[in-house]
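A.B. asks: For reference, this is entry.pdb, and it has PDB, C-alpha atoms.
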```pdb
ATOM      1  CA  MET B  87      -6.379  -4.347   7.081
ATOM      2  CA  ILE B  88      -5.030  -1.250   5.379
ATOM      3  CA  ASN B  89      -2.037  -1.295   7.739
ATOM      4  CA  ALA B  90      -0.972  -4.838   6.852
ATOM      5  CA  ILE B  91      -1.349  -4.260   3.113
ATOM      6  CA  ILE B  92       0.619  -1.010   3.076
ATOM      7  CA  ALA B  93       3.338  -2.605   5.201
ATOM      8  CA  ALA B  94       3.661  -5.546   2.788
ATOM      9  CA  ASN B  95       3.606  -3.228  -0.218
ATOM     10  CA  LEU B  96       6.418  -1.099   1.185
ATOM     11  CA  LYS B  97       8.768  -3.978   0.404
ATOM     12  CA  ASN B  98       7.288  -4.188  -3.095
ATOM     13  CA  TYR B  99       7.695  -0.449  -3.588
ATOM     14  CA  ILE B 100      11.332  -0.550  -2.489
ATOM     15  CA  ASP B 101      11.898  -3.325  -5.036
ATOM     16  CA  LEU B 102       9.944  -1.594  -7.818
ATOM     17  CA  SER B 103      11.748   1.714  -7.342
ATOM     18  CA  GLY B 104      15.138   0.012  -7.055
ATOM     19  CA  ARG B 105      16.109   2.136  -4.077
ATOM     20  CA  ALA B 106      17.155  -0.444  -1.505
ATOM     21  CA  GLU B 107      20.797   0.590  -1.858
ATOM     22  CA  GLU B 108      19.875   4.144  -0.886
ATOM     23  CA  LEU B 109      18.599   2.941   2.486
ATOM     24  CA  THR B 110      21.899   1.719   3.853
ATOM     25  CA  PRO B 111      25.501   1.007   2.827
ATOM     26  CA  GLU B 112      25.514  -1.957   5.212
ATOM     27  CA  LYS B 113      23.039  -4.361   6.764
ATOM     28  CA  SER B 114      20.275  -2.427   8.564
ATOM     29  CA  VAL B 115      16.848  -3.127  10.011
ATOM     30  CA  PHE B 116      13.978  -0.682   9.501
ATOM     31  CA  GLN B 117      10.715  -1.041  11.414
ATOM     32  CA  LEU B 118       7.182   0.289  10.938
ATOM     33  CA  SER B 119       4.946   0.021  13.994
ATOM     34  CA  ILE B 120       1.589   1.131  15.374
ATOM     35  CA  GLY B 121       0.717   1.575  19.039
ATOM     36  CA  LYS B 122       2.532   2.543  22.199
ATOM     37  CA  LYS B 123       2.000   0.085  25.052
ATOM     38  CA  GLU B 124       0.920  -2.811  22.818
ATOM     39  CA  LYS B 125       2.684  -2.360  19.504
ATOM     40  CA  THR B 126       2.108  -4.247  16.288
ATOM     41  CA  GLY B 127       4.518  -3.905  13.436
ATOM     42  CA  TRP B 128       6.572  -5.094  10.516
ATOM     43  CA  HIS B 129      10.273  -4.873   9.791
ATOM     44  CA  TYR B 130      12.552  -4.770   6.771
ATOM     45  CA  ILE B 131      16.082  -6.173   6.671
ATOM     46  CA  VAL B 132      18.095  -4.434   3.955
ATOM     47  CA  GLN B 133      21.501  -5.706   2.862
ATOM     48  CA  ASP B 134      23.469  -5.484  -0.379
ATOM     49  CA  GLY B 135      20.579  -3.787  -2.174
ATOM     50  CA  VAL B 136      18.083  -6.509  -1.225
ATOM     51  CA  CYS B 137      15.080  -5.933   1.043
ATOM     52  CA  GLN B 138      13.478  -8.691   3.096
ATOM     53  CA  PHE B 139      10.013  -8.159   4.579
ATOM     54  CA  LYS B 140       9.097  -9.738   7.914
ATOM     55  CA  ARG B 141       5.744  -9.606   9.693
ATOM     56  CA  GLY B 142       5.974  -8.786  13.382
ATOM     57  CA  LEU B 143       8.260  -6.611  15.480
ATOM     58  CA  TYR B 144      11.990  -7.145  15.200
ATOM     59  CA  THR B 145      13.474  -9.155  18.068
ATOM     60  CA  GLY B 146      16.867  -9.888  16.589
ATOM     61  CA  GLU B 147      18.373 -12.711  14.627
ATOM     62  CA  ILE B 148      19.820 -14.380  17.704
ATOM     63  CA  PHE B 149      17.705 -16.062  20.354
ATOM     64  CA  ILE B 150      18.195 -14.451  23.743
ATOM     65  CA  ASP B 151      17.689 -16.483  26.905
ATOM     66  CA  TRP B 152      18.305 -14.025  29.703
ATOM     67  CA  ASN B 153      18.530 -16.904  32.175
ATOM     68  CA  ASP B 154      21.579 -18.323  30.419
ATOM     69  CA  GLU B 155      24.505 -16.379  31.852
ATOM     70  CA  PHE B 156      27.075 -18.199  29.721
ATOM     71  CA  LYS B 157      25.422 -18.439  26.309
ATOM     72  CA  TYR B 158      26.261 -14.867  25.325
ATOM     73  CA  LYS B 159      29.174 -14.186  27.655
ATOM     74  CA  GLU B 160      31.275 -13.107  24.649
ATOM     75  CA  LYS B 161      28.785 -10.305  23.877
ATOM     76  CA  SER B 162      28.358  -7.122  25.844
ATOM     77  CA  LYS B 163      24.920  -5.848  26.839
ATOM     78  CA  LYS B 164      25.367  -3.101  24.247
ATOM     79  CA  GLN B 165      26.087  -5.654  21.511
ATOM     80  CA  ILE B 166      23.095  -7.763  22.484
ATOM     81  CA  LYS B 167      20.824  -4.707  22.494
ATOM     82  CA  GLN B 168      22.072  -3.690  19.044
ATOM     83  CA  GLU B 169      21.430  -7.176  17.670
ATOM     84  CA  THR B 170      17.874  -7.285  19.018
ATOM     85  CA  THR B 171      16.803  -3.697  18.207
ATOM     86  CA  PRO B 172      15.916  -2.260  14.782
ATOM     87  CA  ASP B 173      18.249   0.454  13.522
ATOM     88  CA  TYR B 174      15.427   2.838  12.673
ATOM     89  CA  GLU B 175      11.729   2.784  13.553
ATOM     90  CA  VAL B 176       8.741   4.820  12.404
ATOM     91  CA  ASN B 177       5.966   4.585  14.975
ATOM     92  CA  PHE B 178       2.354   5.770  14.866
ATOM     93  CA  LYS B 179       0.557   6.088  18.189
ATOM     94  CA  ASP B 180      -2.605   4.413  16.863
ATOM     95  CA  GLU B 181      -4.395   3.339  13.686
ATOM     96  CA  ALA B 182      -6.170   6.704  13.406
ATOM     97  CA  GLU B 183      -2.837   8.524  13.242
ATOM     98  CA  PHE B 184      -1.582   6.101  10.599
ATOM     99  CA  GLU B 185      -4.768   6.490   8.539
ATOM    100  CA  ALA B 186      -4.450  10.287   8.704
ATOM    101  CA  PHE B 187      -0.851   9.960   7.525
ATOM    102  CA  VAL B 188      -1.897   7.756   4.591
ATOM    103  CA  ASN B 189      -4.635  10.180   3.511
ATOM    104  CA  ALA B 190      -2.247  13.146   3.756
ATOM    105  CA  ALA B 191       0.330  11.216   1.731
ATOM    106  CA  GLY B 192      -2.287  10.533  -0.946
ATOM    107  CA  GLU B 193      -3.139  14.245  -1.216
ATOM    108  CA  TYR B 194       0.556  15.073  -1.455
ATOM    109  CA  MET B 195       1.420  12.436  -4.068
ATOM    110  CA  CYS B 196      -1.406  13.415  -6.426
ATOM    111  CA  GLY B 197      -0.556  17.119  -6.167
ATOM    112  CA  ARG B 198      -3.617  18.216  -4.226
ATOM    113  CA  SER B 199      -1.399  19.369  -1.375
ATOM    114  CA  SER B 200       2.147  20.747  -1.291
ATOM    115  CA  LYS B 201       2.628  19.655   2.312
ATOM    116  CA  CYS B 202       4.483  16.375   2.768
ATOM    117  CA  PRO B 203       3.266  14.511   5.884
ATOM    118  CA  LYS B 204       5.861  14.010   8.587
ATOM    119  CA  THR B 205       6.753  10.713  10.197
ATOM    120  CA  ARG B 206       7.516  10.039  13.849
ATOM    121  CA  GLY B 207      10.812   8.189  13.594
ATOM    122  CA  SER B 208      13.683   7.252  15.890
ATOM    123  CA  LYS B 209      17.189   6.153  14.971
ATOM    124  CA  LEU B 210      17.936   3.448  17.509
ATOM    125  CA  SER B 211      21.526   2.470  16.804
ATOM    126  CA  GLY B 212      24.795   3.769  15.426
ATOM    127  CA  THR B 213      24.239   2.222  12.017
ATOM    128  CA  HIS B 214      24.789   4.206   8.827
ATOM    129  CA  CYS B 215      21.212   3.696   7.625
ATOM    130  CA  SER B 216      19.354   6.598   5.985
ATOM    131  CA  PRO B 217      16.201   7.474   7.990
ATOM    132  CA  GLY B 218      15.282  10.250   5.563
ATOM    133  CA  VAL B 219      15.176   7.872   2.613
ATOM    134  CA  PHE B 220      13.016   5.389   4.531
ATOM    135  CA  ASP B 221      10.623   8.205   5.521
ATOM    136  CA  GLN B 222      10.406   9.348   1.906
ATOM    137  CA  LEU B 223       9.737   5.831   0.630
ATOM    138  CA  LEU B 224       7.034   5.357   3.272
ATOM    139  CA  VAL B 225       5.290   8.601   2.252
ATOM    140  CA  GLU B 226       5.412   7.666  -1.436
ATOM    141  CA  CYS B 227       4.288   4.082  -0.841
ATOM    142  CA  ALA B 228       1.372   5.109   1.392
ATOM    143  CA  GLY B 229       0.292   7.910  -0.943
ATOM    144  CA  LEU B 230       0.274   5.618  -3.962
ATOM    145  CA  GLN B 231      -2.131   3.274  -2.148
ATOM    146  CA  THR B 232      -5.099   5.628  -2.010
ATOM    147  CA  SER B 233      -7.889   6.352  -4.464
ATOM    148  CA  ALA B 234      -6.217   9.727  -5.078
ATOM    149  CA  ALA B 235      -3.546   7.868  -7.057
ATOM    150  CA  VAL B 236      -5.773   7.884 -10.164
ATOM    151  CA  ASP B 237      -4.867  11.580 -10.548
ATOM    152  CA  ILE B 238      -1.107  10.973 -10.637
ATOM    153  CA  SER B 239       0.367  12.191 -13.930
ATOM    154  CA  ASP B 240       3.707  10.370 -13.706
ATOM    155  CA  ALA B 241       3.297   7.153 -15.719
ATOM    156  CA  ALA B 242       5.915   5.209 -13.756
ATOM    157  CA  LEU B 243       4.360   6.093 -10.387
ATOM    158  CA  LEU B 244       0.895   5.302 -11.738
ATOM    159  CA  GLY B 245       2.176   1.889 -12.798
ATOM    160  CA  PHE B 246       3.701   1.280  -9.368
ATOM    161  CA  SER B 247       0.403   2.284  -7.766
ATOM    162  CA  ALA B 248      -1.580  -0.170  -9.909
ATOM    163  CA  ARG B 249       0.876  -2.986  -9.190
ATOM    164  CA  MET B 250       0.590  -2.375  -5.452
ATOM    165  CA  ALA B 251      -3.201  -2.066  -5.624
ATOM    166  CA  LEU B 252      -3.519  -5.468  -7.284
ATOM    167  CA  PHE B 253      -1.093  -6.988  -4.771
ATOM    168  CA  GLY B 254      -3.249  -5.462  -2.031
ATOM    169  CA  LEU B 255      -6.387  -6.954  -3.576
ATOM    170  CA  ALA B 256      -4.873 -10.443  -3.483
ATOM    171  CA  GLU B 257      -3.498  -9.844   0.012
ATOM    172  CA  GLU B 258      -7.017  -8.932   1.128
ATOM    173  CA  PHE B 259      -8.084 -12.476   0.135
ATOM    174  CA  ASN B 260      -5.516 -13.758   2.630
ATOM    175  CA  ILE B 261      -6.564 -11.321   5.353
ATOM    176  CA  LEU B 262     -10.255 -12.158   5.007
ATOM    177  CA  LEU B 263      -9.427 -15.869   5.058
ATOM    178  CA  LYS B 264      -7.399 -15.503   8.257
ATOM    179  CA  ASP B 265     -10.282 -13.524   9.774
ATOM    180  CA  GLY B 266     -12.579 -16.502   9.161
ATOM    181  CA  ASP B 267     -14.658 -15.102   6.303
ATOM    182  CA  GLU B 268     -16.923 -17.924   5.095
ATOM    183  CA  THR B 269     -16.804 -16.884   1.424
ATOM    184  CA  LEU B 270     -13.008 -16.993   1.376
ATOM    185  CA  LYS B 271     -12.892 -20.201   3.423
ATOM    186  CA  SER B 272     -15.076 -21.895   0.815
ATOM    187  CA  PHE B 273     -13.043 -20.428  -2.058
ATOM    188  CA  ALA B 274      -9.723 -21.628  -0.673
ATOM    189  CA  GLN B 275     -10.779 -25.256  -0.254
ATOM    190  CA  GLY B 276      -9.866 -27.950  -2.739
ATOM    191  CA  GLN B 277      -6.940 -28.753  -4.995
ATOM    192  CA  ARG B 278      -3.991 -26.444  -5.578
ATOM    193  CA  ARG B 279      -4.701 -23.725  -8.128
ATOM    194  CA  SER B 280      -3.445 -20.270  -9.062
ATOM    195  CA  TYR B 281      -5.011 -16.927 -10.031
ATOM    196  CA  PHE B 282      -3.449 -13.740 -11.399
ATOM    197  CA  PHE B 283      -4.085  -9.980 -11.083
ATOM    198  CA  ASP B 284      -2.501  -7.773 -13.738
ATOM    199  CA  THR B 285      -2.851  -5.017 -16.321
ATOM    200  CA  ALA B 286      -2.733  -5.577 -20.088
ATOM    201  CA  GLY B 287       0.749  -5.994 -21.514
ATOM    202  CA  ASN B 288       2.401  -6.073 -18.107
ATOM    203  CA  ASP B 289       2.795  -9.782 -17.322
ATOM    204  CA  LYS B 290       4.386  -8.908 -13.975
ATOM    205  CA  GLY B 291       1.328  -8.818 -11.789
ATOM    206  CA  THR B 292       0.410 -10.579  -8.565
ATOM    207  CA  TRP B 293      -0.018 -14.340  -8.223
ATOM    208  CA  LEU B 294      -2.431 -15.946  -5.764
ATOM    209  CA  THR B 295      -2.156 -19.662  -5.015
ATOM    210  CA  VAL B 296      -4.715 -21.511  -2.903
ATOM    211  CA  GLN B 297      -4.798 -25.048  -1.607
ATOM    212  CA  SER B 298      -6.619 -26.877   1.177
ATOM    213  CA  GLY B 299      -7.871 -23.727   2.884
ATOM    214  CA  LEU B 300      -4.642 -21.733   2.595
ATOM    215  CA  CYS B 301      -3.631 -18.742   0.440
ATOM    216  CA  LYS B 302      -0.210 -17.555  -0.705
ATOM    217  CA  VAL B 303       0.301 -14.163  -2.352
ATOM    218  CA  THR B 304       3.444 -13.318  -4.330
ATOM    219  CA  PRO B 305       4.480 -10.451  -6.603
ATOM    220  CA  ASN B 306       5.042 -11.812 -10.117
ATOM    221  CA  GLN B 307       4.390 -15.486 -10.849
ATOM    222  CA  GLY B 308       5.134 -17.287  -7.625
ATOM    223  CA  THR B 309       4.614 -20.827  -8.870
ATOM    224  CA  ARG B 310       4.980 -22.918 -12.010
ATOM    225  CA  LEU B 311       1.351 -23.903 -11.738
ATOM    226  CA  PRO B 312      -0.561 -22.232 -14.617
ATOM    227  CA  ALA B 313      -3.313 -19.794 -13.676
ATOM    228  CA  LEU B 314      -6.875 -21.045 -13.691
ATOM    229  CA  CYS B 315      -8.225 -17.534 -14.255
ATOM    230  CA  GLY B 316      -7.579 -13.952 -13.233
ATOM    231  CA  LEU B 317      -8.119 -10.251 -13.803
ATOM    232  CA  GLU B 318      -6.346  -8.322 -16.556
ATOM    233  CA  PHE B 319      -7.328  -4.646 -16.561
ATOM    234  CA  GLU B 320      -6.981  -2.577 -19.735
ATOM    235  CA  ASP B 321      -4.813   0.027 -17.987
ATOM    236  CA  ASP B 322      -3.496   1.170 -14.619
ATOM    237  CA  VAL B 323      -6.365   3.561 -13.930
ATOM    238  CA  SER B 324      -8.957   0.814 -14.493
ATOM    239  CA  ALA B 325      -7.157  -1.390 -11.969
ATOM    240  CA  LEU B 326      -7.005   1.416  -9.399
ATOM    241  CA  LYS B 327     -10.677   2.275  -9.819
ATOM    242  CA  PHE B 328     -11.694  -1.353  -9.310
ATOM    243  CA  VAL B 329      -9.594  -1.892  -6.204
ATOM    244  CA  TYR B 330     -10.519   1.390  -4.545
ATOM    245  CA  GLY B 331     -14.216   1.350  -5.406
ATOM    246  CA  ALA B 332     -14.096   4.288  -7.829
ATOM    247  CA  CYS B 333     -15.672   2.490 -10.811
ATOM    248  CA  GLU B 334     -19.364   3.066 -11.594
ATOM    249  CA  ASP B 335     -20.270  -0.624 -11.665
ATOM    250  CA  ILE B 336     -17.854  -3.016  -9.981
ATOM    251  CA  SER B 337     -19.650  -6.061 -11.395
ATOM    252  CA  SER B 338     -19.241  -4.823 -14.980
ATOM    253  CA  ALA B 339     -15.638  -3.852 -14.261
ATOM    254  CA  PHE B 340     -14.947  -7.408 -13.108
ATOM    255  CA  ASP B 341     -16.590  -8.904 -16.190
ATOM    256  CA  LYS B 342     -14.501  -6.691 -18.470
ATOM    257  CA  ALA B 343     -11.226  -7.662 -16.812
ATOM    258  CA  TYR B 344     -11.947 -11.355 -16.201
ATOM    259  CA  VAL B 345      -9.874 -13.879 -18.154
ATOM    260  CA  PHE B 346     -10.360 -17.643 -17.993
ATOM    261  CA  ARG B 347      -7.246 -19.562 -18.925
ATOM    262  CA  GLY B 348      -7.834 -23.045 -17.614
ATOM    263  CA  ALA B 349      -5.177 -25.628 -18.389
ATOM    264  CA  SER B 350      -4.801 -29.350 -18.859
ATOM    265  CA  THR B 351      -3.242 -29.257 -15.379
ATOM    266  CA  TYR B 352      -6.696 -28.801 -13.890
ATOM    267  CA  GLY B 353      -8.228 -31.641 -15.876
ATOM    268  CA  SER B 354     -11.249 -31.665 -18.161
ATOM    269  CA  GLY B 355     -14.802 -30.928 -17.218
ATOM    270  CA  ILE B 356     -14.113 -27.710 -15.293
ATOM    271  CA  ASP B 357     -17.288 -25.767 -14.582
ATOM    272  CA  GLU B 358     -16.139 -22.376 -15.861
ATOM    273  CA  GLY B 359     -19.342 -20.709 -14.700
ATOM    274  CA  ALA B 360     -18.803 -21.871 -11.126
ATOM    275  CA  VAL B 361     -15.140 -20.837 -11.221
ATOM    276  CA  ARG B 362     -16.093 -17.382 -12.462
ATOM    277  CA  ALA B 363     -18.873 -16.900  -9.910
ATOM    278  CA  SER B 364     -16.706 -17.925  -6.956
ATOM    279  CA  PHE B 365     -13.745 -15.786  -8.018
ATOM    280  CA  LYS B 366     -16.001 -12.799  -8.730
ATOM    281  CA  GLU B 367     -17.641 -12.970  -5.317
ATOM    282  CA  CYS B 368     -14.246 -12.980  -3.628
ATOM    283  CA  CYS B 369     -12.818 -10.160  -5.761
ATOM    284  CA  VAL B 370     -15.802  -7.898  -5.130
ATOM    285  CA  LYS B 371     -15.713  -8.644  -1.395
ATOM    286  CA  ALA B 372     -11.957  -8.014  -1.189
ATOM    287  CA  ALA B 373     -12.233  -4.719  -3.079
ATOM    288  CA  GLY B 374     -15.074  -3.668  -0.795
ATOM    289  CA  SER B 375     -12.910  -4.302   2.257
ATOM    290  CA  ILE B 376     -10.168  -1.955   1.075
ATOM    291  CA  ASN B 377     -11.291   1.546   1.988
ATOM    292  CA  ARG B 378      -8.777   4.247   1.127
ATOM    293  CA  VAL B 379      -9.795   7.885   0.838
TER     294      VAL B 379
END
```
Would you mind giving the structure from this file in structure tokens?
C.D. replies:
Amino acid sequence: MINAIIAANLKNYIDLSGRAEELTPEKSVFQLSIGKKEKTGWHYIVQDGVCQFKRGLYTGEIFIDWNDEFKYKEKSKKQIKQETTPDYEVNFKDEAEFEAFVNAAGEYMCGRSSKCPKTRGSKLSGTHCSPGVFDQLLVECAGLQTSAAVDISDAALLGFSARMALFGLAEEFNILLKDGDETLKSFAQGQRRSYFFDTAGNDKGTWLTVQSGLCKVTPNQGTRLPALCGLEFEDDVSALKFVYGACEDISSAFDKAYVFRGASTYGSGIDEGAVRASFKECCVKAAGSINRV
């Protein structure tokens, strides 16, 4: 779970930090993967200062049928390989190695350690992409997604960390739902409705939309549908403590941050108590599933 959330948040961090242009002067594909024989992974297509996030390993933007000897006769084997291979890949041999990297990054980012964790990366093509910048962004992104982030003194980085934590909380709803969790399956049923996760005065948090058993998570407001309810934490540290289980009483923390907005869109006669109870159960469960040292 932690792997998928950090991978998705890497795109968010690249956007938040505005450093996509540093990654490459041309179109390049960066990949993050775990495993050796049976790899899982995510890739990022960066072009003109814009980063696209894709789940799954990169297989190219052209469909290759090796049995069709004429379809790609105008392309050499080298060209085909370049078009179906990421330009740069960071690979971890297993989840334990990735978790160790994340924990080390957290210690480094909060100043508890002066040693920056190293990545295991390979430049796979002749592109002009910047592996060092991608490595640096990965270290920063991973380190900001640990409970150690509450000790970060830089206000901008602390804000980024809170934004990513709340995105991760909403993403955990989606992960639990896909894993068949009964609480989330029940929550996601019914008419289309939206929820938000934010900090006070920010108004740029994460948006969660559910409908007929499906969830969609987007940074910022991803739909015109008004929010039914959500969480608005008083500051970045409060948000981080809730997500990473560092608050003394998670139930009280939820109650303090909970905001019911409702809207005529949802009709009259809404049982606010039932809405609150269902959303609270899911938020507490999602936060409990995110374990980051």
A.B. asks: From the set B:Phe328, B:Lys123, B:Ser298, B:Phe319, which residue has the shortest atom-to-atom contact distance to Arg278 (chain B), counting all atoms listed in the file?
C.D. replies: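 Nearest candidate to Arg278 (chain B) out of B:Phe328, B:Lys123, B:Ser298, B:Phe319: B:Ser298.
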A.B. asks: For this file, the PyMOL selection byres ((chain B and resi 318) around 7) selects which residues, as a PyMOL selection string?
C.D. replies: chain B and resi 283-286+316-317+319-320+343-345
A.B. asks: Please report as a tab-separated table every residue of region 180-285 of chain B lying within 12 Å of region 362-371 of chain B, along with the nearest atom pair and their distance in Å (one decimal), using only C-alpha atoms.
C.D. replies:
```
residue	atom	partner	partner_atom	distance
B:Leu252	CA	B:Cys369	CA	10.5
B:Gly254	CA	B:Cys369	CA	11.3
B:Leu255	CA	B:Cys369	CA	7.5
B:Ala256	CA	B:Cys369	CA	8.3
B:Glu257	CA	B:Cys369	CA	11.0
B:Glu258	CA	B:Lys371	CA	9.1
B:Phe259	CA	B:Cys368	CA	7.2
B:Asn260	CA	B:Cys368	CA	10.8
B:Ile261	CA	B:Lys371	CA	11.7
B:Leu262	CA	B:Lys371	CA	9.1
B:Leu263	CA	B:Cys368	CA	10.3
B:Asp267	CA	B:Lys371	CA	10.1
B:Glu268	CA	B:Cys368	CA	10.4
B:Thr269	CA	B:Cys368	CA	6.9
B:Leu270	CA	B:Cys368	CA	6.5
B:Lys271	CA	B:Cys368	CA	10.2
B:Ser272	CA	B:Ser364	CA	8.9
B:Phe273	CA	B:Ser364	CA	6.6
B:Ala274	CA	B:Ser364	CA	10.1
B:Gln275	CA	B:Ser364	CA	11.6
B:Ser280	CA	B:Phe365	CA	11.3
B:Tyr281	CA	B:Phe365	CA	9.0
B:Phe282	CA	B:Phe365	CA	11.0
B:Phe283	CA	B:Cys369	CA	10.2
```
A.B. asks: Once the PyMOL selection byres ((chain B and resi 169-173) around 12) has been evaluated on this model, what residues remain selected, and can you format them as a PyMOL selection string?
C.D. replies: chain B and resi 109-110+112-119+127-132+142-150+158+161-168+174-176+207-217+220
A.B. asks: Deliver the residues from the most recent selection as a file, using C-alpha atoms, as a tab-separated table (two decimals), keeping the file's coordinate frame.
C.D. replies:
```
chain	number	residue	atom	x	y	z
B	109	LEU	CA	18.60	2.94	2.49
B	110	THR	CA	21.90	1.72	3.85
B	112	GLU	CA	25.51	-1.96	5.21
B	113	LYS	CA	23.04	-4.36	6.76
B	114	SER	CA	20.27	-2.43	8.56
B	115	VAL	CA	16.85	-3.13	10.01
B	116	PHE	CA	13.98	-0.68	9.50
B	117	GLN	CA	10.72	-1.04	11.41
B	118	LEU	CA	7.18	0.29	10.94
B	119	SER	CA	4.95	0.02	13.99
B	127	GLY	CA	4.52	-3.90	13.44
B	128	TRP	CA	6.57	-5.09	10.52
B	129	HIS	CA	10.27	-4.87	9.79
B	130	TYR	CA	12.55	-4.77	6.77
B	131	ILE	CA	16.08	-6.17	6.67
B	132	VAL	CA	18.10	-4.43	3.96
B	142	GLY	CA	5.97	-8.79	13.38
B	143	LEU	CA	8.26	-6.61	15.48
B	144	TYR	CA	11.99	-7.14	15.20
B	145	THR	CA	13.47	-9.15	18.07
B	146	GLY	CA	16.87	-9.89	16.59
B	147	GLU	CA	18.37	-12.71	14.63
B	148	ILE	CA	19.82	-14.38	17.70
B	149	PHE	CA	17.70	-16.06	20.35
B	150	ILE	CA	18.20	-14.45	23.74
B	158	TYR	CA	26.26	-14.87	25.32
B	161	LYS	CA	28.78	-10.30	23.88
B	162	SER	CA	28.36	-7.12	25.84
B	163	LYS	CA	24.92	-5.85	26.84
B	164	LYS	CA	25.37	-3.10	24.25
B	165	GLN	CA	26.09	-5.65	21.51
B	166	ILE	CA	23.10	-7.76	22.48
B	167	LYS	CA	20.82	-4.71	22.49
B	168	GLN	CA	22.07	-3.69	19.04
B	174	TYR	CA	15.43	2.84	12.67
B	175	GLU	CA	11.73	2.78	13.55
B	176	VAL	CA	8.74	4.82	12.40
B	207	GLY	CA	10.81	8.19	13.59
B	208	SER	CA	13.68	7.25	15.89
B	209	LYS	CA	17.19	6.15	14.97
B	210	LEU	CA	17.94	3.45	17.51
B	211	SER	CA	21.53	2.47	16.80
B	212	GLY	CA	24.80	3.77	15.43
B	213	THR	CA	24.24	2.22	12.02
B	214	HIS	CA	24.79	4.21	8.83
B	215	CYS	CA	21.21	3.70	7.62
B	216	SER	CA	19.35	6.60	5.98
B	217	PRO	CA	16.20	7.47	7.99
B	220	PHE	CA	13.02	5.39	4.53
```
A.B. asks: I'd like the interatomic distance between CA of Ile238 (chain B) and CA of Thr292 (chain B), to a tenth of an Å.
C.D. replies: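 For CA of Ile238 (chain B) relative to CA of Thr292 (chain B), the distance reads 21.7 Å.
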